Every structure is written in C-alpha cells, then in structure tokens.
$ cat query_28.cif   # mmCIF, C-alpha atoms and all ligand atoms
data_structure
loop_
_atom_site.label_atom_id
_atom_site.label_comp_id
_atom_site.auth_asym_id
_atom_site.auth_seq_id
_atom_site.Cartn_x
_atom_site.Cartn_y
_atom_site.Cartn_z
CA MET L 1 33.70 28.51 -36.85
CA THR L 2 31.94 31.26 -38.86
CA LEU L 3 29.88 33.99 -37.25
CA ARG L 4 26.73 32.16 -38.33
CA GLY L 5 28.10 28.95 -36.85
CA ARG L 6 28.81 30.68 -33.56
CA HIS L 7 25.24 32.01 -33.45
CA LEU L 8 23.87 28.56 -34.16
CA GLY L 9 26.12 27.09 -31.51
CA ALA L 10 24.94 29.63 -28.96
CA ALA L 11 21.29 29.01 -29.85
CA PHE L 12 21.84 25.27 -29.49
CA LEU L 13 23.48 25.73 -26.12
CA PHE L 14 20.67 28.03 -24.99
CA ALA L 15 18.04 25.47 -26.05
CA LEU L 16 19.95 22.71 -24.29
CA VAL L 17 20.12 24.68 -21.05
CA LEU L 18 16.41 25.49 -21.34
CA ALA L 19 15.51 21.83 -21.94
CA LEU L 20 17.69 20.65 -19.09
CA GLY L 21 16.24 23.33 -16.84
CA SER L 22 12.67 22.36 -17.58
CA PHE L 23 13.50 18.66 -17.14
CA VAL L 24 15.03 19.37 -13.74
CA GLY L 25 12.05 21.62 -12.92
CA TRP L 26 9.61 18.93 -13.98
CA ARG L 27 11.37 16.32 -11.88
CA TYR L 28 11.42 18.69 -8.93
CA TRP L 29 7.69 19.36 -9.37
CA ARG L 30 6.96 15.63 -9.57
CA GLU L 31 9.05 14.97 -6.45
CA SER L 32 7.17 17.73 -4.61
CA LEU L 33 3.87 15.94 -5.29
CA ALA L 34 5.17 12.88 -3.41
CA PRO L 35 8.18 13.86 -1.29
CA ARG L 36 10.31 11.17 0.31
CA ALA L 37 9.47 10.76 3.99
CA THR L 38 10.41 8.55 6.92
CA GLU L 39 7.86 6.76 9.11
CA ALA L 40 8.10 9.55 11.70
CA GLU L 41 7.56 12.23 9.04
CA ILE L 42 4.58 10.38 7.55
CA LEU L 43 3.02 9.95 11.01
CA ALA L 44 3.55 13.65 11.78
CA ALA L 45 2.02 14.81 8.50
CA ASN L 46 -1.60 15.67 9.13
CA PRO L 47 -2.66 17.15 5.80
CA ASP L 48 -5.98 18.88 5.16
CA GLU L 49 -6.39 17.02 1.89
CA PRO L 50 -5.20 13.62 0.61
CA ARG L 51 -1.41 13.76 0.29
CA LEU L 52 1.13 11.39 -1.29
CA PHE L 53 4.59 10.48 0.01
CA ARG L 54 7.25 8.06 -1.14
CA PHE L 55 8.60 6.04 1.76
CA ALA L 56 12.28 6.89 2.32
CA GLY L 57 13.20 3.29 3.23
CA ASN L 58 11.81 1.97 -0.07
CA PRO L 59 10.69 4.73 -2.49
CA ALA L 60 8.67 2.20 -4.53
CA ILE L 61 6.13 2.33 -1.69
CA ILE L 62 3.74 5.25 -2.18
CA VAL L 63 1.90 6.32 0.96
CA LEU L 64 -1.43 8.14 0.73
CA VAL L 65 -2.24 10.00 3.95
CA VAL L 66 -5.96 10.78 4.05
CA ASN L 67 -7.68 13.58 5.95
CA ASP L 68 -11.12 11.96 5.85
CA LEU L 69 -12.10 8.30 6.34
CA ALA L 70 -15.21 8.61 4.16
CA VAL L 71 -13.10 9.94 1.27
CA GLN L 72 -10.58 7.12 1.79
CA GLY L 73 -13.47 4.66 1.49
CA GLU L 74 -14.79 6.31 -1.67
CA MET L 75 -11.33 6.21 -3.24
CA LEU L 76 -10.38 2.65 -2.29
CA ASN L 77 -13.21 0.43 -1.02
CA ARG L 78 -14.14 -0.90 -4.47
CA ILE L 79 -10.50 -1.94 -4.98
CA ALA L 80 -10.64 -3.87 -1.69
CA ALA L 81 -13.92 -5.44 -2.80
CA LEU L 82 -12.40 -6.61 -6.08
CA THR L 83 -9.14 -7.80 -4.61
CA GLU L 84 -9.49 -9.36 -1.19
CA LYS L 85 -12.92 -9.39 0.44
CA ARG L 86 -14.67 -12.74 0.82
CA GLY L 87 -17.98 -13.23 -0.95
CA LEU L 88 -17.49 -10.43 -3.47
CA PRO L 89 -16.74 -10.97 -7.20
CA ARG L 90 -13.09 -11.27 -8.30
CA ASP L 91 -13.89 -10.75 -12.00
CA ARG L 92 -15.85 -7.50 -12.01
CA VAL L 93 -16.04 -4.22 -10.12
CA VAL L 94 -19.19 -3.92 -7.99
CA SER L 95 -21.47 -0.89 -8.30
CA PRO L 96 -21.32 1.70 -5.50
CA GLU L 97 -24.81 0.52 -4.41
CA GLU L 98 -23.75 -3.14 -4.22
CA LEU L 99 -20.71 -2.14 -2.21
CA THR L 100 -22.74 -0.11 0.28
CA ALA L 101 -25.07 -3.10 0.76
CA ALA L 102 -22.14 -5.54 1.25
CA ILE L 103 -20.49 -3.26 3.82
CA ALA L 104 -23.77 -2.83 5.71
CA ALA L 105 -24.30 -6.62 5.68
CA ALA L 106 -20.86 -6.97 7.30
CA GLY L 107 -21.98 -4.59 10.05
CA ALA L 108 -19.51 -1.87 9.04
CA THR L 109 -19.66 1.58 7.48
CA PRO L 110 -17.86 2.72 4.29
CA ALA L 111 -15.68 5.01 6.43
CA THR L 112 -14.49 2.35 8.88
CA TRP L 113 -14.54 -0.76 6.67
CA TYR L 114 -10.76 -0.29 6.28
CA TYR L 115 -8.40 1.96 8.21
CA GLY L 116 -5.43 1.24 5.93
CA HIS L 117 -5.34 -0.11 2.37
CA ASP L 118 -2.53 -1.75 0.40
CA TYR L 119 -2.34 -2.70 -3.28
CA SER L 120 0.26 -3.62 -5.84
CA GLU L 121 0.67 -1.58 -9.00
CA LYS L 122 -0.65 -4.58 -10.96
CA THR L 123 -3.84 -4.73 -8.86
CA LEU L 124 -4.48 -1.01 -9.30
CA LYS L 125 -4.09 -1.24 -13.08
CA ARG L 126 -6.38 -4.29 -13.20
CA PHE L 127 -8.98 -2.38 -11.17
CA VAL L 128 -9.00 0.55 -13.61
CA ALA L 129 -9.30 -1.78 -16.62
CA LEU L 130 -12.12 -3.82 -15.02
CA ALA L 131 -13.95 -0.71 -13.81
CA ASN L 132 -14.01 0.52 -17.40
CA GLN L 133 -15.07 -2.88 -18.78
CA THR L 134 -17.60 -3.93 -16.15
CA ALA L 135 -18.78 -0.96 -14.11
CA GLY L 136 -19.03 2.05 -16.40
CA GLY L 137 -15.70 3.55 -15.31
CA LEU L 138 -14.33 5.14 -12.17
CA THR L 139 -16.28 7.21 -9.66
CA GLY L 140 -15.23 10.81 -9.02
CA ALA L 141 -13.24 9.90 -5.91
CA GLU L 142 -11.46 7.00 -7.68
CA GLN L 143 -10.65 9.27 -10.62
CA ARG L 144 -9.14 11.77 -8.17
CA LEU L 145 -6.90 9.06 -6.69
CA PHE L 146 -5.67 7.82 -10.06
CA THR L 147 -5.05 11.38 -11.29
CA MET L 148 -2.82 11.93 -8.25
CA LEU L 149 -0.97 8.68 -8.97
CA ASP L 150 -0.62 9.41 -12.70
CA ARG L 151 0.96 12.78 -11.94
CA ILE L 152 3.81 11.24 -10.00
CA SER L 153 4.51 8.26 -12.25
CA PRO L 154 6.57 9.14 -15.31
CA ALA L 155 5.12 8.08 -18.65
CA GLY L 156 6.90 5.01 -19.95
CA GLY L 157 9.69 3.44 -17.93
CA SER L 158 10.81 4.35 -14.47
CA ASP L 159 13.50 3.66 -11.95
CA TRP L 160 11.05 2.62 -9.25
CA LEU L 161 8.77 -0.04 -10.69
CA PRO L 162 6.95 -2.08 -9.59
CA TRP L 163 5.42 0.22 -7.03
CA ALA L 164 2.79 -0.28 -4.37
CA LEU L 165 0.20 2.01 -2.79
CA ILE L 166 -0.61 1.99 0.91
CA THR L 167 -2.75 4.36 2.97
CA LEU L 168 -2.83 5.88 6.44
CA PRO L 169 -5.48 8.10 8.08
CA ARG L 170 -4.22 11.36 9.58
CA ALA L 171 -4.49 11.78 13.37
CA GLY L 172 -7.78 12.58 15.05
CA LEU L 173 -10.25 10.97 12.62
CA ASP L 174 -11.51 8.19 14.88
CA PRO L 175 -11.19 7.45 18.64
CA LEU L 176 -9.40 4.18 17.78
CA LEU L 177 -6.74 5.99 15.73
CA ASP L 178 -4.42 7.10 18.52
CA ASP L 179 -0.64 7.36 18.08
CA THR L 180 0.00 3.67 18.79
CA ALA L 181 -2.73 2.53 16.41
CA ARG L 182 -1.54 4.79 13.59
CA ALA L 183 2.08 3.69 14.00
CA THR L 184 0.93 0.06 13.91
CA ILE L 185 -1.25 0.61 10.83
CA LEU L 186 1.61 2.34 9.01
CA ARG L 187 4.13 -0.41 9.80
CA HIS L 188 1.60 -3.14 8.88
CA GLU L 189 0.86 -1.47 5.53
CA LEU L 190 4.53 -0.74 4.82
CA SER L 191 5.22 -4.47 5.16
CA HIS L 192 2.57 -5.08 2.46
CA GLY L 193 4.25 -2.43 0.32
CA GLU L 194 7.55 -4.26 0.72
CA PHE L 195 5.89 -7.57 -0.26
CA PHE L 196 4.47 -5.99 -3.45
CA SER L 197 7.61 -4.16 -4.54
CA GLU L 198 10.55 -6.29 -3.38
CA VAL L 199 10.68 -9.74 -4.94
CA THR L 200 13.24 -11.14 -2.46
CA TYR L 201 10.91 -10.29 0.42
CA GLU L 202 7.89 -11.73 -1.41
CA SER L 203 9.83 -15.00 -1.99
CA HIS L 204 10.82 -15.17 1.67
CA VAL L 205 7.19 -14.67 2.77
CA MET L 206 5.81 -17.30 0.37
CA ARG L 207 8.46 -19.81 1.43
CA PHE L 208 7.79 -19.16 5.10
CA TRP L 209 4.04 -19.58 4.58
CA ARG L 210 4.52 -22.94 2.85
CA GLU L 211 7.49 -24.34 4.77
CA GLY L 212 8.05 -22.26 7.92
CA LEU L 213 4.55 -22.74 9.33
CA SER L 214 3.15 -26.13 10.36
CA ALA L 215 -0.15 -27.19 8.80
CA THR L 216 -1.87 -26.38 12.12
CA GLN L 217 -0.33 -22.91 12.22
CA ARG L 218 -1.37 -22.26 8.60
CA GLU L 219 -4.90 -23.34 9.45
CA ALA L 220 -4.94 -21.04 12.50
CA PHE L 221 -3.88 -18.04 10.38
CA THR L 222 -6.35 -18.95 7.64
CA ALA L 223 -9.20 -19.12 10.20
CA PHE L 224 -8.13 -15.78 11.69
CA LEU L 225 -8.05 -14.18 8.23
CA ALA L 226 -11.41 -15.74 7.28
CA HIS L 227 -12.84 -14.14 10.41
CA GLU L 228 -11.39 -10.83 9.19
CA GLU L 229 -13.27 -11.49 5.90
CA TYR L 230 -10.24 -12.01 3.65
CA ASP L 231 -10.57 -14.21 0.56
CA THR L 232 -9.04 -17.48 1.80
CA GLY L 233 -8.78 -18.82 -1.77
CA ASN L 234 -5.90 -16.40 -2.47
CA GLU L 235 -2.68 -17.92 -1.12
CA ALA L 236 -0.50 -14.84 -1.75
CA LEU L 237 -3.04 -12.71 0.14
CA LEU L 238 -3.00 -15.14 3.09
CA ALA L 239 0.81 -15.24 3.19
CA ASN L 240 1.06 -11.46 2.87
CA GLU L 241 -1.43 -10.87 5.70
CA MET L 242 0.25 -13.55 7.84
CA GLN L 243 3.60 -11.70 7.74
CA ALA L 244 1.94 -8.33 8.35
CA TYR L 245 0.02 -9.54 11.43
CA LEU L 246 2.66 -11.89 12.81
CA VAL L 247 5.69 -9.59 12.55
CA HIS L 248 4.52 -6.02 11.90
CA THR L 249 1.41 -5.48 14.05
CA ALA L 250 2.62 -4.62 17.53
CA ASP L 251 -0.65 -3.16 18.84
CA PRO L 252 -2.54 -6.04 20.58
CA ARG L 253 -5.87 -4.41 19.71
CA PHE L 254 -5.23 -5.44 16.09
CA PHE L 255 -3.52 -8.80 16.62
CA ASN L 256 -2.76 -11.13 19.53
CA ALA L 257 -2.28 -14.82 20.36
CA GLU L 258 -5.89 -15.29 21.37
CA ALA L 259 -7.22 -13.86 18.09
CA VAL L 260 -5.18 -16.31 16.02
CA GLY L 261 -5.67 -19.18 18.48
CA LEU L 262 -1.97 -20.03 18.90
CA PRO L 263 0.14 -19.99 22.10
CA GLU L 264 2.22 -16.83 22.62
CA ALA L 265 5.42 -18.90 22.77
CA GLU L 266 4.69 -20.35 19.31
CA LEU L 267 4.16 -16.87 17.86
CA THR L 268 7.41 -15.67 19.42
CA ASP L 269 9.26 -18.61 17.87
CA LEU L 270 7.65 -17.99 14.45
CA ARG L 271 8.62 -14.30 14.60
CA ARG L 272 12.20 -15.15 15.50
CA ARG L 273 12.54 -17.63 12.63
CA PHE L 274 10.82 -15.29 10.14
CA ILE L 275 13.14 -12.39 10.99
CA ALA L 276 16.25 -14.62 10.94
CA GLY L 277 15.52 -15.61 7.32
CA MET L 278 14.59 -12.14 6.05
CA PRO L 279 16.62 -10.54 3.25
CA GLN L 280 18.58 -7.40 4.19
CA SER L 281 16.36 -4.31 3.97
CA TRP L 282 15.19 -1.21 5.86
CA MET L 283 12.63 -3.49 7.53
CA ARG L 284 15.09 -6.06 8.75
CA SER L 285 17.30 -3.28 10.15
CA LEU L 286 14.33 -1.93 12.12
CA LEU L 287 13.37 -5.36 13.46
CA ALA L 288 16.92 -6.17 14.47
CA ARG L 289 17.04 -3.14 16.80
ZN ZN H 1 -2.98 -6.25 6.05
#

$ encode --input "query_28.cif" --output "structure tokens"
Amino acid sequence: MTLRGRHLGAAFLFALVLALGSFVGWRYWRESLAPRATEAEILAANPDEPRLFRFAGNPAIIVLVVNDLAVQGEMLNRIAALTEKRGLPRDRVVSPEELTAAIAAAGATPATWYYGHDYSEKTLKRFVALANQTAGGLTGAEQRLFTMLDRISPAGGSDWLPWALITLPRAGLDPLLDDTARATILRHELSHGEFFSEVTYESHVMRFWREGLSATQREAFTAFLAHEEYDTGNEALLANEMQAYLVHTADPRFFNAEAVGLPEAELTDLRRRFIAGMPQSWMRSLLAR
C-alpha cells in the first residue's frame, strides 16, 4: 500500500466509524422516543405529556400514555368514529363539529367517550388517507400524534411490522381511573394490540368466535357490544372485542355476566376453552399463572 493508499484507507475507516456511530446514535434516539416497557412500568409511568412506549412482551404494540383525557380525545376520537362506532360513516372522516354532536347525542363527552383506544397500523394509515381525501386533512392534535408515530417508525421496512397502537390514561385523570381500572384497561387494550400484530392470535380469536361460541353466546356478545355502541356489522371487531372482554377484562365494573346476559359458569367455561387453545405468547404465559 502506498502512502496515498494508506491515507485513503484511514479516511475510509474514519468515515465508516462515523457512519456506524451515527446509525447507532440514531437507533438509540429512536428507541428513547418509545422505550420498551413492561405492564408494571407502563402503569407506573405518569408523564406530563403524551408519551410512547413499546410493550416489552410484544414490541409491535405501541402504547401511548396520555396525561390529559381531552387531548386523548382530540388525537383519537375521529379514528374511533371512522373505525368502530355504530351510526357513523365508515367511508369518510367526520368533521370535528359532527363528532362533537355525535358524542353529545350518545350522552358522553369528548374526554370520556373512550378511556383506551386500539387500532391496527392499517387502520391508522387508512384514517390519514381518508382524512386528507374527505375531511381537509388532520387536526392539530391528530398531526401531533402521527408526528410522534412517524418519528419512531423507520422509513421503509422494519423488523416490527405490522404494529398496533393502544392508549392508556395516566393515573389521577378521572375518579373511575383507579389502579384496578387502569390495569384492566391496559390488559384489555394489549389484547387488542396482540390481535392486530400477531396473526396466530388473530386466527385463534376468529376461529373461537365462529366455532367456539354457540349461536346464542355469539348473539349475547353481539347485543352487549351493540349496547356499547360498536359497529355490529364488523365481524373482526366483534370477535376482537369478545376476546378482550371475555378473557382480559378482570374489573367487573367494565364487564360481568349480567352485562353480557350469560351465566357465570358459561363464561368460566368459555374462558377455559379459549385459553386452552391459545398460541404460545407473553399473554398465554400470564393467563396460565
Ligand atoms: Zn376493546
């Protein structure tokens, strides 16, 4: 190697180290915007502004912990309206005024319409596209949410797709949101995140909805979910909510035998059979304890 060659070699090495260093730094920065966290860590995080985590048990589930229920509503209520609420359009994004009127008609407020949200990556992308096509774009709060999500998702290709977004209010925002309620909301939403991001779990849930439940039991769950204002024309939504309420909603204030109109013994049997058929995962390990 000539002197010139050695210089070139050194420069190349230096550039390589610099590039590697900034790549590692960039990855570290991206990780710091959504650190991996367990259920206990997510429940203990009480941020003063909306904060993202990736769930340690399944890092494809992104958890948004909100510090303000009104802000959560501004960020996510129009996505709920488009995706799962009965009586609202499935093919266009409603205006903020229409949404306010629909929530008032349901006897709720934008802040308490939902305590926890859950959406697949596909649903979120469809919302952004439809908001641009049919509603003049995103609101400021929605833009803030999608900017946060864009920052943590690498451009083009990723090792953790498809992902899902779920939300949880920090402690102390509402008298109902005590420790038990928040733990229940988180587990309920995590089960939705698993449904959206893990195809073996989704298949198990759909099969159980169609074959594990009797027609009467399916009707009972459908009536319960209609009462909760879910779109009963969406079978995947019904099946996904069925598993979340049946198996992952321990707090009786949110779900119980009376609410669904089925005997307790039948629900216990359904839970046992559902868990027995579940694919191996962080969730099955927790339930088996
Ligand atoms: Zn749910």

$ closest_residue --input "query_28.cif" --among "L:Ala171, L:Leu165, L:Leu124, L:Ala81" --to "Ala183 (chain L)" --atoms "only C-alpha atoms"
L:Ala171

$ residues_near_ligand --input "query_28.cif" --ligand "ligand ZN 1 (chain H)" --cutoff "9 Å" --atoms "only C-alpha atoms and all ligand atoms" --output "JSON, numbers by chain"
{"L": [116, 117, 118, 185, 188, 189, 191, 192, 237, 240, 241, 242, 243, 244, 245]}

$ closest_residue --input "query_28.cif" --among "L:Gln217, L:Thr100, L:Thr184, L:Thr200" --to "Phe255 (chain L)" --atoms "only C-alpha atoms"
L:Thr184

$ residues_around --input "query_28.cif" --residues "Asp179 (chain L)" --least-positions-apart "5" --cutoff "12 Å" --atoms "only C-alpha atoms" --output "MDAnalysis selection string"
chainID L and resid 40 43:44 168:174 184:186 251

$ write_last_selection --input "query_28.cif" --atoms "C-alpha atoms" --output "PDB file, in the coordinates of the input"
ATOM      1  CA  ALA L  40       8.100   9.550  11.700  1.00  0.00           C
ATOM      2  CA  LEU L  43       3.020   9.950  11.010  1.00  0.00           C
ATOM      3  CA  ALA L  44       3.550  13.650  11.780  1.00  0.00           C
ATOM      4  CA  LEU L 168      -2.830   5.880   6.440  1.00  0.00           C
ATOM      5  CA  PRO L 169      -5.480   8.100   8.080  1.00  0.00           C
ATOM      6  CA  ARG L 170      -4.220  11.360   9.580  1.00  0.00           C
ATOM      7  CA  ALA L 171      -4.490  11.780  13.370  1.00  0.00           C
ATOM      8  CA  GLY L 172      -7.780  12.580  15.050  1.00  0.00           C
ATOM      9  CA  LEU L 173     -10.250  10.970  12.620  1.00  0.00           C
ATOM     10  CA  ASP L 174     -11.510   8.190  14.880  1.00  0.00           C
ATOM     11  CA  THR L 184       0.930   0.060  13.910  1.00  0.00           C
ATOM     12  CA  ILE L 185      -1.250   0.610  10.830  1.00  0.00           C
ATOM     13  CA  LEU L 186       1.610   2.340   9.010  1.00  0.00           C
ATOM     14  CA  ASP L 251      -0.650  -3.160  18.840  1.00  0.00           C
TER      15      ASP L 251
END

$ atom_distance --input "query_28.cif" --atom1 "CA of Ala80 (chain L)" --atom2 "CA of Glu229 (chain L)"
11.1 Å

$ residues_around --input "query_28.cif" --residues "Phe208 (chain L)" --least-positions-apart "3" --cutoff "10 Å" --atoms "all atoms listed in the file" --output "list in words"
Glu202, Ser203, His204, Val205, Glu211, Gly212, Leu213, Ser214, Ala239, Met242, Gln243, Leu270, Arg273, Phe274, Gly277 and Met278 of chain L

$ decode --input "query_28.cif" --residues "region 68-101 of chain L" --atoms "N, CA and C atoms" --output "short mmCIF file (atom, residue, chain, number, x, y, z; two decimals), in the first residue's frame"
data_model
loop_
_atom_site.label_atom_id
_atom_site.label_comp_id
_atom_site.auth_asym_id
_atom_site.auth_seq_id
_atom_site.Cartn_x
_atom_site.Cartn_y
_atom_site.Cartn_z
N ASP L 68 -53.81 13.66 29.60
CA ASP L 68 -54.98 14.52 29.55
C ASP L 68 -56.04 13.81 28.70
N LEU L 69 -57.22 13.58 29.27
CA LEU L 69 -58.25 12.83 28.53
C LEU L 69 -58.81 13.65 27.35
N ALA L 70 -58.86 14.97 27.51
CA ALA L 70 -59.37 15.79 26.40
C ALA L 70 -58.41 15.70 25.21
N VAL L 71 -57.12 15.73 25.49
CA VAL L 71 -56.12 15.63 24.41
C VAL L 71 -56.20 14.25 23.75
N GLN L 72 -56.38 13.20 24.58
CA GLN L 72 -56.53 11.86 24.01
C GLN L 72 -57.71 11.84 23.02
N GLY L 73 -58.81 12.45 23.44
CA GLY L 73 -59.99 12.51 22.57
C GLY L 73 -59.70 13.25 21.29
N GLU L 74 -59.01 14.38 21.39
CA GLU L 74 -58.69 15.17 20.19
C GLU L 74 -57.78 14.39 19.24
N MET L 75 -56.89 13.60 19.81
CA MET L 75 -55.96 12.83 18.97
C MET L 75 -56.64 11.63 18.30
N LEU L 76 -57.60 11.01 19.01
CA LEU L 76 -58.04 9.68 18.56
C LEU L 76 -59.54 9.48 18.33
N ASN L 77 -60.39 10.39 18.80
CA ASN L 77 -61.83 10.13 18.67
C ASN L 77 -62.31 10.01 17.22
N ARG L 78 -61.72 10.76 16.31
CA ARG L 78 -62.19 10.66 14.92
C ARG L 78 -61.77 9.32 14.30
N ILE L 79 -60.71 8.72 14.83
CA ILE L 79 -60.31 7.39 14.33
C ILE L 79 -61.33 6.36 14.83
N ALA L 80 -61.76 6.50 16.08
CA ALA L 80 -62.81 5.61 16.62
C ALA L 80 -64.09 5.77 15.82
N ALA L 81 -64.42 7.02 15.50
CA ALA L 81 -65.65 7.29 14.75
C ALA L 81 -65.61 6.59 13.38
N LEU L 82 -64.47 6.68 12.73
CA LEU L 82 -64.34 6.06 11.39
C LEU L 82 -64.34 4.54 11.46
N THR L 83 -63.78 4.00 12.53
CA THR L 83 -63.48 2.58 12.55
C THR L 83 -64.54 1.71 13.21
N GLU L 84 -65.12 2.15 14.32
CA GLU L 84 -65.90 1.18 15.09
C GLU L 84 -67.19 1.66 15.70
N LYS L 85 -67.51 2.93 15.65
CA LYS L 85 -68.73 3.39 16.31
C LYS L 85 -69.95 3.23 15.42
N ARG L 86 -71.01 2.69 15.99
CA ARG L 86 -72.27 2.49 15.25
C ARG L 86 -72.83 3.83 14.80
N GLY L 87 -73.46 3.84 13.62
CA GLY L 87 -74.20 5.01 13.17
C GLY L 87 -73.33 6.12 12.61
N LEU L 88 -72.03 5.90 12.53
CA LEU L 88 -71.14 6.92 11.95
C LEU L 88 -70.55 6.37 10.65
N PRO L 89 -70.21 7.25 9.69
CA PRO L 89 -69.77 6.76 8.37
C PRO L 89 -68.46 5.97 8.42
N ARG L 90 -68.40 4.90 7.62
CA ARG L 90 -67.19 4.06 7.52
C ARG L 90 -66.32 4.48 6.34
N ASP L 91 -66.85 5.39 5.49
CA ASP L 91 -66.14 5.72 4.25
C ASP L 91 -65.62 7.15 4.22
N ARG L 92 -65.80 7.88 5.28
CA ARG L 92 -65.24 9.24 5.32
C ARG L 92 -65.01 9.63 6.78
N VAL L 93 -64.10 10.60 6.95
CA VAL L 93 -63.79 11.10 8.30
C VAL L 93 -64.74 12.24 8.61
N VAL L 94 -65.42 12.17 9.76
CA VAL L 94 -66.38 13.22 10.12
C VAL L 94 -65.64 14.51 10.49
N SER L 95 -66.35 15.63 10.40
CA SER L 95 -65.74 16.91 10.81
C SER L 95 -65.72 16.95 12.35
N PRO L 96 -64.84 17.77 12.92
CA PRO L 96 -64.83 17.88 14.39
C PRO L 96 -66.21 18.26 14.94
N GLU L 97 -66.96 19.10 14.20
CA GLU L 97 -68.29 19.53 14.67
C GLU L 97 -69.27 18.35 14.68
N GLU L 98 -69.24 17.55 13.60
CA GLU L 98 -70.12 16.37 13.54
C GLU L 98 -69.81 15.41 14.68
N LEU L 99 -68.52 15.26 14.95
CA LEU L 99 -68.11 14.33 16.01
C LEU L 99 -68.62 14.81 17.37
N THR L 100 -68.45 16.09 17.64
CA THR L 100 -68.91 16.65 18.91
C THR L 100 -70.41 16.39 19.07
N ALA L 101 -71.17 16.60 17.99
CA ALA L 101 -72.63 16.40 18.04
C ALA L 101 -72.95 14.92 18.29
#
